[in-house]
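Participant: Sharing data-v9.tsv here; it has TSV, C-alpha atoms and all ligand atoms.
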```
chain	number	residue	atom	x	y	z
O	11	MET	CA	0.00	0.00	0.00
O	12	ALA	CA	1.47	3.30	-1.05
O	13	LEU	CA	1.28	5.89	1.68
O	14	VAL	CA	0.78	9.55	0.91
O	15	ASN	CA	3.15	12.34	1.93
O	16	GLU	CA	0.76	13.63	4.55
O	17	ASN	CA	2.24	17.10	4.37
O	18	TYR	CA	0.37	17.51	1.10
O	19	LEU	CA	-2.87	16.97	2.98
O	20	LYS	CA	-2.22	20.14	4.98
O	21	LEU	CA	-2.55	22.23	1.83
O	22	PRO	CA	-5.72	23.89	0.61
O	23	GLY	CA	-7.31	22.00	-2.27
O	24	SER	CA	-5.79	24.11	-5.01
O	25	TYR	CA	-3.02	26.61	-5.64
O	26	LEU	CA	-4.18	30.24	-5.50
O	27	PHE	CA	-3.99	30.99	-9.23
O	28	SER	CA	-5.55	27.64	-10.14
O	29	GLU	CA	-8.46	28.46	-7.83
O	30	ILE	CA	-8.92	31.84	-9.53
O	31	ALA	CA	-8.84	30.20	-12.96
O	32	ARG	CA	-11.42	27.66	-11.78
O	33	ARG	CA	-13.77	30.42	-10.55
O	34	VAL	CA	-13.37	32.42	-13.74
O	35	ASN	CA	-14.10	29.36	-15.90
O	36	GLN	CA	-17.18	28.59	-13.84
O	37	PHE	CA	-18.39	32.18	-14.25
O	38	LYS	CA	-17.76	31.98	-17.99
O	39	THR	CA	-19.81	28.81	-18.26
O	40	THR	CA	-22.86	30.51	-16.77
O	41	ASN	CA	-22.12	33.87	-18.43
O	42	PRO	CA	-20.74	32.98	-21.86
O	43	GLN	CA	-21.31	36.54	-23.15
O	44	ALA	CA	-19.26	38.19	-20.42
O	45	ASP	CA	-16.25	40.07	-21.74
O	46	ILE	CA	-13.82	39.30	-18.94
O	47	ILE	CA	-10.68	41.35	-18.38
O	48	ARG	CA	-8.01	39.40	-16.54
O	49	LEU	CA	-5.76	41.38	-14.23
O	50	GLY	CA	-5.34	38.49	-11.82
O	51	ILE	CA	-2.29	36.32	-12.36
O	52	GLY	CA	0.84	38.33	-13.13
O	53	ASP	CA	1.24	37.01	-16.64
O	54	VAL	CA	2.71	39.28	-19.29
O	55	THR	CA	0.88	40.23	-22.48
O	56	ARG	CA	3.61	41.94	-24.55
O	57	PRO	CA	5.36	39.58	-26.99
O	58	LEU	CA	9.00	38.57	-26.67
O	59	PRO	CA	11.39	41.32	-27.83
O	60	PRO	CA	12.38	40.95	-31.52
O	61	ALA	CA	16.06	40.64	-30.52
O	62	VAL	CA	15.19	37.62	-28.38
O	63	ILE	CA	13.09	35.99	-31.12
O	64	GLU	CA	15.92	36.42	-33.61
O	65	ALA	CA	18.49	34.92	-31.25
O	66	MET	CA	16.17	32.05	-30.42
O	67	GLN	CA	15.55	31.33	-34.09
O	68	LYS	CA	19.29	31.24	-34.63
O	69	GLY	CA	19.60	28.88	-31.69
O	70	VAL	CA	16.98	26.56	-33.16
O	71	GLU	CA	18.70	26.71	-36.55
O	72	GLU	CA	21.96	25.57	-34.96
O	73	MET	CA	20.17	22.43	-33.80
O	74	ARG	CA	19.66	21.45	-37.46
O	75	SER	CA	23.22	20.67	-38.37
O	76	PRO	CA	25.46	18.00	-36.79
O	77	GLU	CA	28.26	20.57	-36.49
O	78	THR	CA	26.31	23.01	-34.36
O	79	PHE	CA	23.78	20.69	-32.74
O	80	ARG	CA	23.84	20.66	-28.92
O	81	GLY	CA	22.63	17.92	-26.62
O	82	TYR	CA	22.70	18.20	-22.84
O	83	GLY	CA	24.04	21.56	-21.78
O	84	PRO	CA	25.69	22.35	-18.47
O	85	GLU	CA	23.08	21.94	-15.71
O	86	GLN	CA	24.17	25.29	-14.33
O	87	GLY	CA	23.56	27.09	-17.61
O	88	TYR	CA	25.74	28.11	-20.54
O	89	GLN	CA	28.70	30.28	-19.68
O	90	PHE	CA	27.86	32.70	-22.51
O	91	LEU	CA	24.64	33.60	-20.70
O	92	ILE	CA	26.08	33.60	-17.18
O	93	GLU	CA	28.84	36.01	-18.18
O	94	LYS	CA	26.31	38.44	-19.67
O	95	ILE	CA	24.14	38.22	-16.57
O	96	ILE	CA	27.05	39.15	-14.31
O	97	GLU	CA	28.34	41.85	-16.62
O	98	ASN	CA	24.96	43.55	-17.08
O	99	ASP	CA	22.87	42.87	-13.99
O	100	PHE	CA	25.50	42.97	-11.26
O	101	VAL	CA	28.81	44.63	-12.14
O	102	PRO	CA	27.17	48.03	-12.83
O	103	ARG	CA	25.74	47.88	-9.29
O	104	GLY	CA	29.12	47.17	-7.76
O	105	VAL	CA	28.41	43.45	-7.27
O	106	GLU	CA	31.15	41.01	-8.26
O	107	LEU	CA	30.13	37.41	-8.88
O	108	SER	CA	32.00	34.44	-10.27
O	109	VAL	CA	30.44	32.30	-13.00
O	110	ASP	CA	29.95	29.34	-10.66
O	111	GLU	CA	27.76	31.44	-8.37
O	112	VAL	CA	25.05	31.84	-11.03
O	113	PHE	CA	22.65	28.97	-11.74
O	114	VAL	CA	20.44	29.34	-14.82
O	115	SER	CA	17.11	27.55	-14.59
O	116	ASP	CA	13.65	27.31	-16.10
O	117	GLY	CA	11.97	29.63	-13.62
O	118	ALA	CA	12.09	31.50	-10.34
O	119	LYS	CA	8.87	29.79	-9.24
O	120	SER	CA	10.57	26.38	-9.36
O	121	ASP	CA	13.82	27.71	-7.89
O	122	THR	CA	12.11	29.40	-4.94
O	123	ALA	CA	10.05	26.24	-4.38
O	124	ASN	CA	12.99	23.86	-4.71
O	125	PHE	CA	15.61	25.73	-2.77
O	126	GLN	CA	14.13	24.84	0.63
O	127	GLU	CA	15.19	21.22	0.01
O	128	LEU	CA	18.70	22.15	1.11
O	129	PHE	CA	17.58	23.05	4.61
O	130	GLY	CA	16.85	20.87	7.62
O	131	VAL	CA	13.21	20.11	8.15
O	132	ASN	CA	13.35	21.56	11.67
O	133	ASN	CA	14.49	24.99	10.54
O	134	ILE	CA	12.17	27.80	11.50
O	135	MET	CA	11.13	29.80	8.47
O	136	ALA	CA	9.77	33.31	8.30
O	137	VAL	CA	7.68	34.84	5.55
O	138	THR	CA	6.03	38.17	5.14
O	139	ASP	CA	2.26	38.16	5.33
O	140	PRO	CA	0.90	38.68	2.64
O	141	VAL	CA	3.34	36.57	0.65
O	142	TYR	CA	3.81	34.85	-2.72
O	143	PRO	CA	2.19	31.47	-1.88
O	144	VAL	CA	4.93	29.31	-3.42
O	145	TYR	CA	7.33	29.93	-0.51
O	146	VAL	CA	4.78	28.73	2.01
O	147	ASP	CA	3.27	25.84	0.05
O	148	SER	CA	6.65	24.35	-0.87
O	149	ASN	CA	7.71	24.36	2.78
O	150	VAL	CA	4.40	22.80	3.80
O	151	MET	CA	5.00	20.01	1.26
O	152	ALA	CA	8.45	19.45	2.73
O	153	GLY	CA	7.05	19.09	6.25
O	154	ARG	CA	8.62	22.23	7.67
O	155	THR	CA	5.31	23.47	9.12
O	156	GLY	CA	2.48	22.30	11.31
O	157	MET	CA	-1.17	22.19	10.34
O	158	PHE	CA	-3.12	25.07	8.86
O	159	ASN	CA	-4.91	26.97	11.60
O	160	ASN	CA	-8.25	27.96	10.10
O	161	ASP	CA	-8.97	30.60	12.73
O	162	LYS	CA	-5.70	32.39	12.17
O	163	GLY	CA	-5.52	31.62	8.46
O	164	GLN	CA	-1.89	30.64	9.00
O	165	TYR	CA	0.21	27.50	9.35
O	166	GLU	CA	1.53	26.50	12.74
O	167	GLY	CA	5.28	26.61	12.90
O	168	ILE	CA	5.82	29.45	10.43
O	169	VAL	CA	6.84	32.88	11.68
O	170	TYR	CA	4.69	35.39	9.83
O	171	LEU	CA	5.90	38.97	9.47
O	172	PRO	CA	2.85	41.16	8.95
O	173	CYS	CA	2.93	43.81	6.25
O	174	THR	CA	0.12	46.16	7.10
O	175	GLU	CA	-1.02	49.68	6.50
O	176	GLU	CA	0.39	50.59	9.93
O	177	ASN	CA	3.93	49.53	9.06
O	178	GLY	CA	3.71	50.82	5.50
O	179	MET	CA	3.72	47.23	4.18
O	180	LYS	CA	7.29	46.79	5.43
O	181	PRO	CA	7.97	43.76	7.65
O	182	SER	CA	9.65	44.14	11.04
O	183	LEU	CA	12.50	41.86	12.06
O	184	PRO	CA	11.28	38.61	13.65
O	185	GLU	CA	10.88	38.69	17.43
O	186	LYS	CA	12.11	35.14	17.76
O	187	ARG	CA	15.13	33.58	16.11
O	188	VAL	CA	14.43	32.19	12.66
O	189	ASP	CA	16.67	30.24	10.29
O	190	MET	CA	15.27	30.89	6.83
O	191	ILE	CA	13.69	34.18	5.76
O	192	TYR	CA	11.90	34.73	2.47
O	193	LEU	CA	11.92	38.31	1.26
O	194	CYS	CA	10.58	39.56	-2.07
O	195	PHE	CA	11.32	43.15	-3.11
O	196	PRO	CA	9.86	44.83	-5.11
O	197	ASN	CA	7.16	42.90	-3.37
O	198	ASN	CA	4.62	40.55	-4.78
O	199	PRO	CA	1.79	41.18	-3.93
O	200	THR	CA	2.01	44.65	-2.32
O	201	GLY	CA	4.23	46.29	-4.93
O	202	MET	CA	6.27	47.98	-2.18
O	203	THR	CA	10.07	48.19	-1.91
O	204	LEU	CA	12.70	48.43	0.84
O	205	SER	CA	15.42	51.05	0.93
O	206	LYS	CA	19.08	50.12	1.28
O	207	GLU	CA	19.00	51.07	4.96
O	208	GLU	CA	15.98	48.86	5.55
O	209	LEU	CA	17.48	45.92	3.70
O	210	LYS	CA	20.69	46.36	5.66
O	211	LEU	CA	18.81	45.51	8.86
O	212	TRP	CA	17.86	42.14	7.40
O	213	VAL	CA	21.41	41.35	6.38
O	214	GLU	CA	22.61	42.28	9.87
O	215	TYR	CA	19.91	40.12	11.44
O	216	ALA	CA	20.87	37.17	9.25
O	217	ARG	CA	24.55	37.57	10.04
O	218	GLU	CA	23.90	37.73	13.78
O	219	ASN	CA	21.62	34.70	13.76
O	220	ARG	CA	23.34	32.69	11.02
O	221	SER	CA	20.04	32.65	9.15
O	222	ILE	CA	19.71	32.63	5.38
O	223	LEU	CA	17.85	35.28	3.39
O	224	LEU	CA	16.05	33.86	0.38
O	225	PHE	CA	15.68	37.05	-1.62
O	226	ASP	CA	13.30	37.08	-4.58
O	227	ALA	CA	14.18	39.92	-6.96
O	228	ALA	CA	11.98	38.81	-9.86
O	229	TYR	CA	10.57	42.34	-10.21
O	230	GLU	CA	13.76	44.38	-9.88
O	231	ALA	CA	13.57	45.59	-13.49
O	232	TYR	CA	10.44	47.55	-12.53
O	233	ILE	CA	12.23	49.78	-10.03
O	234	GLN	CA	11.91	53.36	-11.26
O	235	GLU	CA	13.18	55.36	-8.32
O	236	GLU	CA	16.82	56.00	-7.57
O	237	GLY	CA	18.28	54.54	-4.42
O	238	VAL	CA	16.07	51.44	-4.28
O	239	PRO	CA	18.33	48.35	-4.20
O	240	HIS	CA	17.95	45.99	-7.18
O	241	SER	CA	19.96	43.21	-5.59
O	242	ILE	CA	20.48	42.13	-2.00
O	243	PHE	CA	24.18	41.89	-2.85
O	244	GLU	CA	24.32	45.68	-2.99
O	245	ILE	CA	24.27	45.40	0.80
O	246	GLU	CA	27.60	44.80	2.46
O	247	GLY	CA	27.91	41.36	4.02
O	248	ALA	CA	24.99	39.87	2.08
O	249	ARG	CA	27.29	37.45	0.27
O	250	GLU	CA	27.59	35.49	3.51
O	251	VAL	CA	23.89	35.13	4.21
O	252	ALA	CA	21.80	35.58	1.07
O	253	VAL	CA	20.63	33.79	-2.03
O	254	GLU	CA	18.90	35.76	-4.79
O	255	PHE	CA	16.30	34.63	-7.30
O	256	ARG	CA	15.96	36.43	-10.62
O	257	SER	CA	13.79	35.82	-13.64
O	258	PHE	CA	13.50	36.73	-17.32
O	259	SER	CA	9.72	36.17	-17.06
O	260	LYS	CA	8.61	39.61	-15.99
O	261	THR	CA	11.68	41.41	-17.28
O	262	ALA	CA	11.63	40.14	-20.84
O	263	GLY	CA	8.35	38.31	-21.40
O	264	PHE	CA	9.58	34.78	-20.67
O	265	THR	CA	6.56	33.56	-18.66
O	266	GLY	CA	5.80	30.99	-21.36
O	267	THR	CA	9.38	30.55	-22.56
O	268	ARG	CA	10.93	29.88	-19.13
O	269	CYS	CA	14.32	31.16	-18.09
O	270	ALA	CA	15.57	32.42	-14.74
O	271	TYR	CA	18.64	32.31	-12.56
O	272	THR	CA	19.63	32.02	-8.93
O	273	ILE	CA	22.70	33.50	-7.30
O	274	VAL	CA	24.32	31.42	-4.57
O	275	PRO	CA	27.55	33.03	-3.32
O	276	LYS	CA	30.30	30.69	-2.20
O	277	GLU	CA	30.48	32.25	1.26
O	278	VAL	CA	26.94	31.20	2.27
O	279	MET	CA	27.10	28.35	4.74
O	280	VAL	CA	24.62	26.02	6.40
O	281	TYR	CA	25.49	23.87	9.38
O	282	ASP	CA	25.10	20.20	10.26
O	283	SER	CA	24.08	18.95	13.69
O	284	LYS	CA	27.73	18.93	14.77
O	285	GLY	CA	28.08	22.57	13.82
O	286	LYS	CA	30.21	21.89	10.75
O	287	ALA	CA	29.73	24.38	7.91
O	288	HIS	CA	28.66	23.29	4.42
O	289	SER	CA	28.61	25.40	1.29
O	290	LEU	CA	25.11	26.16	0.06
O	291	ASN	CA	26.57	26.77	-3.40
O	292	GLN	CA	27.96	23.22	-3.51
O	293	LEU	CA	24.70	21.76	-2.23
O	294	TRP	CA	22.64	23.62	-4.83
O	295	LEU	CA	25.03	22.45	-7.53
O	296	ARG	CA	24.63	18.88	-6.28
O	297	ARG	CA	20.86	19.27	-6.29
O	298	GLN	CA	20.66	20.81	-9.74
O	299	THR	CA	23.04	18.36	-11.38
O	300	THR	CA	20.94	15.52	-10.00
O	301	LYS	CA	17.45	16.82	-10.63
O	302	PHE	CA	17.75	19.31	-13.49
O	303	ASN	CA	19.24	19.11	-16.95
O	304	GLY	CA	19.43	22.80	-17.73
O	305	ALA	CA	17.20	25.27	-19.55
O	306	SER	CA	17.04	24.52	-23.28
O	307	TYR	CA	19.75	25.86	-25.57
O	308	PRO	CA	17.45	27.97	-27.82
O	309	VAL	CA	15.93	29.57	-24.73
O	310	GLN	CA	19.30	30.48	-23.25
O	311	ALA	CA	20.43	31.72	-26.67
O	312	GLY	CA	17.34	33.94	-26.65
O	313	ALA	CA	17.91	35.10	-23.07
O	314	VAL	CA	21.39	36.33	-23.90
O	315	ALA	CA	19.88	38.75	-26.43
O	316	VAL	CA	18.14	40.48	-23.52
O	317	PHE	CA	21.56	41.99	-22.84
O	318	SER	CA	22.26	43.12	-26.41
O	319	GLN	CA	21.92	46.80	-27.23
O	320	GLU	CA	18.64	46.32	-29.14
O	321	GLY	CA	17.40	43.86	-26.53
O	322	LYS	CA	17.94	46.36	-23.74
O	323	LEU	CA	16.04	49.07	-25.61
O	324	GLN	CA	13.16	46.75	-26.48
O	325	ILE	CA	12.86	45.57	-22.89
O	326	LYS	CA	12.93	49.08	-21.55
O	327	GLU	CA	10.06	49.96	-23.85
O	328	THR	CA	8.03	47.01	-22.58
O	329	ILE	CA	8.71	47.85	-18.95
O	330	ASN	CA	7.70	51.46	-19.58
O	331	TYR	CA	4.50	50.19	-21.17
O	332	TYR	CA	3.60	48.13	-18.10
O	333	MET	CA	4.60	50.91	-15.73
O	334	GLU	CA	2.29	53.28	-17.59
O	335	ASN	CA	-0.45	50.68	-17.01
O	336	ALA	CA	0.53	50.70	-13.34
O	337	ARG	CA	0.16	54.47	-13.25
O	338	ILE	CA	-3.25	54.27	-14.95
O	339	ILE	CA	-4.45	51.71	-12.41
O	340	ARG	CA	-2.97	53.47	-9.41
O	341	GLU	CA	-4.25	56.94	-10.29
O	342	GLY	CA	-7.55	55.62	-11.62
O	343	LEU	CA	-8.27	53.80	-8.38
O	344	GLN	CA	-7.14	56.72	-6.25
O	345	GLY	CA	-9.38	59.00	-8.29
O	346	ALA	CA	-12.28	56.65	-7.61
O	347	GLY	CA	-11.61	56.90	-3.89
O	348	TYR	CA	-9.74	53.66	-3.27
O	349	LYS	CA	-6.69	53.43	-1.05
O	350	VAL	CA	-3.80	51.92	-3.00
O	351	PHE	CA	-0.21	50.79	-2.44
O	352	GLY	CA	2.57	49.83	-4.84
O	353	GLY	CA	2.55	50.39	-8.58
O	354	VAL	CA	5.46	52.86	-8.42
O	355	ASN	CA	8.44	50.50	-8.51
O	356	ALA	CA	6.50	47.33	-9.25
O	357	PRO	CA	3.89	46.04	-11.68
O	358	TYR	CA	1.42	45.26	-8.88
O	359	ILE	CA	-1.17	47.52	-7.31
O	360	TRP	CA	-2.41	46.54	-3.88
O	361	MET	CA	-5.75	48.13	-3.06
O	362	LYS	CA	-7.87	48.17	0.03
O	363	THR	CA	-11.31	46.74	-0.59
O	364	PRO	CA	-14.19	49.18	-0.07
O	365	ASN	CA	-16.04	49.10	3.27
O	366	ASN	CA	-13.73	46.43	4.71
O	367	MET	CA	-15.23	43.90	2.34
O	368	GLY	CA	-13.64	40.44	2.38
O	369	SER	CA	-11.25	40.00	-0.51
O	370	TRP	CA	-12.95	36.95	-2.01
O	371	GLU	CA	-16.28	38.77	-1.75
O	372	PHE	CA	-14.76	41.71	-3.62
O	373	PHE	CA	-13.33	39.26	-6.16
O	374	ASP	CA	-16.83	37.92	-6.85
O	375	GLN	CA	-18.40	41.39	-6.97
O	376	LEU	CA	-15.76	42.69	-9.33
O	377	MET	CA	-16.06	39.69	-11.61
O	378	GLU	CA	-19.84	39.80	-11.65
O	379	GLY	CA	-20.28	43.58	-11.65
O	380	ALA	CA	-17.41	44.75	-13.83
O	381	ASN	CA	-16.25	41.49	-15.40
O	382	VAL	CA	-12.75	42.29	-14.14
O	383	VAL	CA	-10.62	39.59	-12.53
O	384	GLY	CA	-8.01	40.40	-9.92
O	385	THR	CA	-6.39	38.46	-7.10
O	386	PRO	CA	-7.94	38.42	-3.62
O	387	GLY	CA	-5.44	39.56	-1.01
O	388	ALA	CA	-6.51	36.79	1.35
O	389	GLY	CA	-5.00	34.32	-1.11
O	390	PHE	CA	-1.58	35.70	-0.14
O	391	GLY	CA	-2.10	35.30	3.60
O	392	ALA	CA	-4.19	36.37	6.57
O	393	ASN	CA	-2.94	39.95	6.44
O	394	GLY	CA	-4.00	40.16	2.81
O	395	GLU	CA	-7.63	39.91	3.88
O	396	GLY	CA	-9.42	43.13	2.99
O	397	TYR	CA	-7.02	43.81	0.13
O	398	PHE	CA	-6.98	43.05	-3.55
O	399	ARG	CA	-4.20	42.88	-6.15
O	400	LEU	CA	-4.35	44.11	-9.74
O	401	THR	CA	-1.55	43.54	-12.20
O	402	ALA	CA	-0.15	46.03	-14.68
O	403	PHE	CA	0.74	43.24	-17.12
O	404	GLY	CA	-2.50	43.55	-19.13
O	405	THR	CA	-2.78	45.27	-22.47
O	406	ARG	CA	-3.18	49.06	-22.42
O	407	GLU	CA	-6.67	48.77	-23.84
O	408	ASN	CA	-7.82	46.28	-21.21
O	409	THR	CA	-6.19	48.26	-18.42
O	410	LEU	CA	-8.06	51.41	-19.44
O	411	ARG	CA	-11.33	49.51	-19.84
O	412	ALA	CA	-10.91	47.76	-16.50
O	413	ILE	CA	-10.38	51.02	-14.62
O	414	GLU	CA	-13.30	52.63	-16.40
O	415	ARG	CA	-15.53	49.72	-15.44
O	416	ILE	CA	-14.37	49.79	-11.81
O	417	ARG	CA	-15.11	53.52	-11.68
O	418	THR	CA	-18.53	53.27	-13.25
O	419	ARG	CA	-19.89	49.89	-12.24
O	420	MET	CA	-18.59	49.35	-8.71
C	501	LIG	C1	1.71	36.19	-9.67
C	501	LIG	O1	0.68	36.51	-10.24
C	501	LIG	O2	1.89	36.37	-8.47
C	501	LIG	C2	2.79	35.62	-10.50
C	501	LIG	O3	2.37	35.37	-11.79
C	501	LIG	C3	3.22	34.39	-9.91
C	501	LIG	C4	4.40	33.81	-10.59
C	501	LIG	O4	5.22	34.50	-11.16
C	501	LIG	O5	4.50	32.58	-10.48
```
For this file, write the structure as structure tokens.
Ligand code: MLT

Facilitator:
Amino acid sequence: MALVNENYLKLPGSYLFSEIARRVNQFKTTNPQADIIRLGIGDVTRPLPPAVIEAMQKGVEEMRSPETFRGYGPEQGYQFLIEKIIENDFVPRGVELSVDEVFVSDGAKSDTANFQELFGVNNIMAVTDPVYPVYVDSNVMAGRTGMFNNDKGQYEGIVYLPCTEENGMKPSLPEKRVDMIYLCFPNNPTGMTLSKEELKLWVEYARENRSILLFDAAYEAYIQEEGVPHSIFEIEGAREVAVEFRSFSKTAGFTGTRCAYTIVPKEVMVYDSKGKAHSLNQLWLRRQTTKFNGASYPVQAGAVAVFSQEGKLQIKETINYYMENARIIREGLQGAGYKVFGGVNAPYIWMKTPNNMGSWEFFDQLMEGANVVGTPGAGFGANGEGYFRLTAFGTRENTLRAIERIRTRM
């Protein structure tokens, strides 16, 4: 008799975005005429930049001839891409990395979910609340948490760091010692950022407590304001305590193409029960070489074009397009009397629901009344209750129509 991994039974029936898709499909079945605008899941709508398409096509073409055909690539990613990543994303910010500290993958979702495997099951983990659900769910699956407490809307055994209106959506340091801390800035879902000084406190905390910061920077390309850190490694000492997740998905339209990378500096250590230090970089390499065979060659060939001169210009244009959407949503909602956060250095707008309405209730009302789909804040954690997330990744036309409908029909 095959026994189940009972940790899976602690999870809600479906993943947040699958649940939203299910509700939308159900609504569409009973309302086939409804013209639904989807600003729920953060999926991009602009096509891949022409420079990327061209490079990918060339990559595919190379697979045609025996001379240029490539089979298995390095699990860690091709050096030609890793060098460009370091040269363009880190060196200009004063961050030096060696090529074996960058691990190219097929997505930051899988990397952030998989990375926890390297840590002991008894580690105490901390997450912000609200939070991107992948960090929590993957740790639940691994058995690093207790049961879900329905009254609190939280798992036992996780240290939640509330991000509320009172603290400006910025988490405070944990009151008790924690071992693993997930941080995402610019934040999904609140769209807020931390300053260098604020991030420095986390690095200091991690150094004092020998904890590890799992820093998700998937949205760094959306930072518009000067002085907001793009990488945790801009903070002195972070190389000893932090891992950073990056993605081409939101930066360059790779949500369907899949390419990302994770930075694991060689100084980061984890400890065994005898107190002996082990290199997280070596452990991640061991994990990836065993369980992953690398992102495909044409995809990595395409990703490298993100760093070409034309690629950079094309990406900038796309990011500006989405950030104009963000402005339209932010100002449109403010004009209609809603309280909003984010949308300045991030493609997410976090709004307070009207009259303290529950976020799933608002989800239903918005879908039924305005045929606009967003993401209920409660889906990101207990402190997300009473909030709602809209993404700036829609088309301009749909963004304008959605705001108009919210203003006139809600
Ligand atoms: C989101 O909507 O939060 C994102 O699409 C999630 C993701 O990138 O996996």

Participant: Determine the nearest neighbour of Val144 (chain O) from the options O:Thr418, O:Asn365, O:Gln126, O:Asn381, counting all atoms listed in the file.

Facilitator: O:Gln126

Participant: Give me the residues near Met202 (chain O) as a list in words, where near means some atom within 7 Å (using all atoms listed in the file) and where sequence neighbours in that chain fewer than 5 positions away do not count.

Facilitator: Met179, Pro196, Asn197 and Gly352 of chain O

Participant: Got a sec to check which residues sit within 12 Å of (8.4, 51.2, -19.8), counting all atoms listed in the file, and write them as a ChimeraX atom specification?

Facilitator: /O:56,231-234,261-262,322-337,354-357,402-403

Participant: Check which residues fall inside 8 Å of ligand LIG 501 (chain C) when counting only C-alpha atoms and all ligand atoms, and print them as a PyMOL selection string.

Facilitator: chain O and resi 27+50-53+118-119+142+144+198-199+259-260+265+385+401

Participant: Hey, which of O:Tyr165, O:Phe264, O:Trp294, O:Phe129 ends up closest to Ile222 (chain O)? Count all atoms listed in the file.

Facilitator: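 For Ile222 (chain O), the nearest of the candidates is O:Phe129.
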
Participant: Around the point (8.8, 33.0, -23.5) (coordinates from the file), which residues reach within 12 Å if we count only C-alpha atoms? Answer as an MDAnalysis selection string.

Facilitator: chainID O and resid 53:60 62:63 66 116:117 257:270 306 308:310 312:313 316

Participant: Interatomic distance between CA of Pro184 (chain O) and CA of Ile134 (chain O)?

Facilitator: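 Those two atoms sit 11.1 Å apart.
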
Participant: Please measure the separation of CA of Leu209 (chain O) and CA of Glu97 (chain O), giving the value in Å to one decimal.

Facilitator: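 Interatomic distance, CA of Leu209 (chain O) to CA of Glu97 (chain O): 23.4 Å.
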
Participant: At what distance in Å, to one decimal, does CA of Phe255 (chain O) lie from CA of Glu64 (chain O)?

Facilitator: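 It comes out at 26.4 Å.
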
Participant: Kindly add N, CA, C and O atoms to the incomplete region 287-298 of chain O and provide the output as a JSON list (two decimals), in the frame of the given file.

Facilitator:
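After the write, result-v4.json holds the following:
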```
[["chain", "number", "residue", "atom", "x", "y", "z"],
["O", 287, "ALA", "N", 30.29, 23.56, 8.99],
["O", 287, "ALA", "CA", 29.73, 24.38, 7.91],
["O", 287, "ALA", "C", 29.77, 23.66, 6.56],
["O", 287, "ALA", "O", 30.71, 22.92, 6.28],
["O", 288, "HIS", "N", 28.73, 23.86, 5.77],
["O", 288, "HIS", "CA", 28.66, 23.29, 4.42],
["O", 288, "HIS", "C", 28.27, 24.39, 3.45],
["O", 288, "HIS", "O", 27.43, 25.23, 3.78],
["O", 289, "SER", "N", 28.86, 24.34, 2.27],
["O", 289, "SER", "CA", 28.61, 25.40, 1.29],
["O", 289, "SER", "C", 27.26, 25.20, 0.61],
["O", 289, "SER", "O", 27.00, 24.16, -0.01],
["O", 290, "LEU", "N", 26.42, 26.22, 0.69],
["O", 290, "LEU", "CA", 25.11, 26.16, 0.06],
["O", 290, "LEU", "C", 25.26, 26.10, -1.46],
["O", 290, "LEU", "O", 24.50, 25.44, -2.16],
["O", 291, "ASN", "N", 26.29, 26.78, -1.96],
["O", 291, "ASN", "CA", 26.57, 26.77, -3.40],
["O", 291, "ASN", "C", 26.83, 25.34, -3.88],
["O", 291, "ASN", "O", 26.28, 24.90, -4.89],
["O", 292, "GLN", "N", 27.64, 24.59, -3.13],
["O", 292, "GLN", "CA", 27.96, 23.22, -3.51],
["O", 292, "GLN", "C", 26.73, 22.32, -3.41],
["O", 292, "GLN", "O", 26.53, 21.42, -4.22],
["O", 293, "LEU", "N", 25.91, 22.58, -2.40],
["O", 293, "LEU", "CA", 24.70, 21.76, -2.23],
["O", 293, "LEU", "C", 23.69, 22.02, -3.35],
["O", 293, "LEU", "O", 23.06, 21.10, -3.85],
["O", 294, "TRP", "N", 23.58, 23.29, -3.74],
["O", 294, "TRP", "CA", 22.64, 23.62, -4.83],
["O", 294, "TRP", "C", 23.14, 23.03, -6.15],
["O", 294, "TRP", "O", 22.36, 22.50, -6.94],
["O", 295, "LEU", "N", 24.44, 23.06, -6.33],
["O", 295, "LEU", "CA", 25.03, 22.45, -7.53],
["O", 295, "LEU", "C", 24.72, 20.95, -7.55],
["O", 295, "LEU", "O", 24.32, 20.39, -8.57],
["O", 296, "ARG", "N", 24.89, 20.33, -6.39],
["O", 296, "ARG", "CA", 24.63, 18.88, -6.28],
["O", 296, "ARG", "C", 23.16, 18.61, -6.60],
["O", 296, "ARG", "O", 22.83, 17.65, -7.28],
["O", 297, "ARG", "N", 22.30, 19.45, -6.08],
["O", 297, "ARG", "CA", 20.86, 19.27, -6.29],
["O", 297, "ARG", "C", 20.50, 19.44, -7.77],
["O", 297, "ARG", "O", 19.80, 18.63, -8.36],
["O", 298, "GLN", "N", 21.00, 20.52, -8.34],
["O", 298, "GLN", "CA", 20.66, 20.81, -9.74],
["O", 298, "GLN", "C", 21.23, 19.77, -10.70],
["O", 298, "GLN", "O", 20.55, 19.36, -11.64]]
```
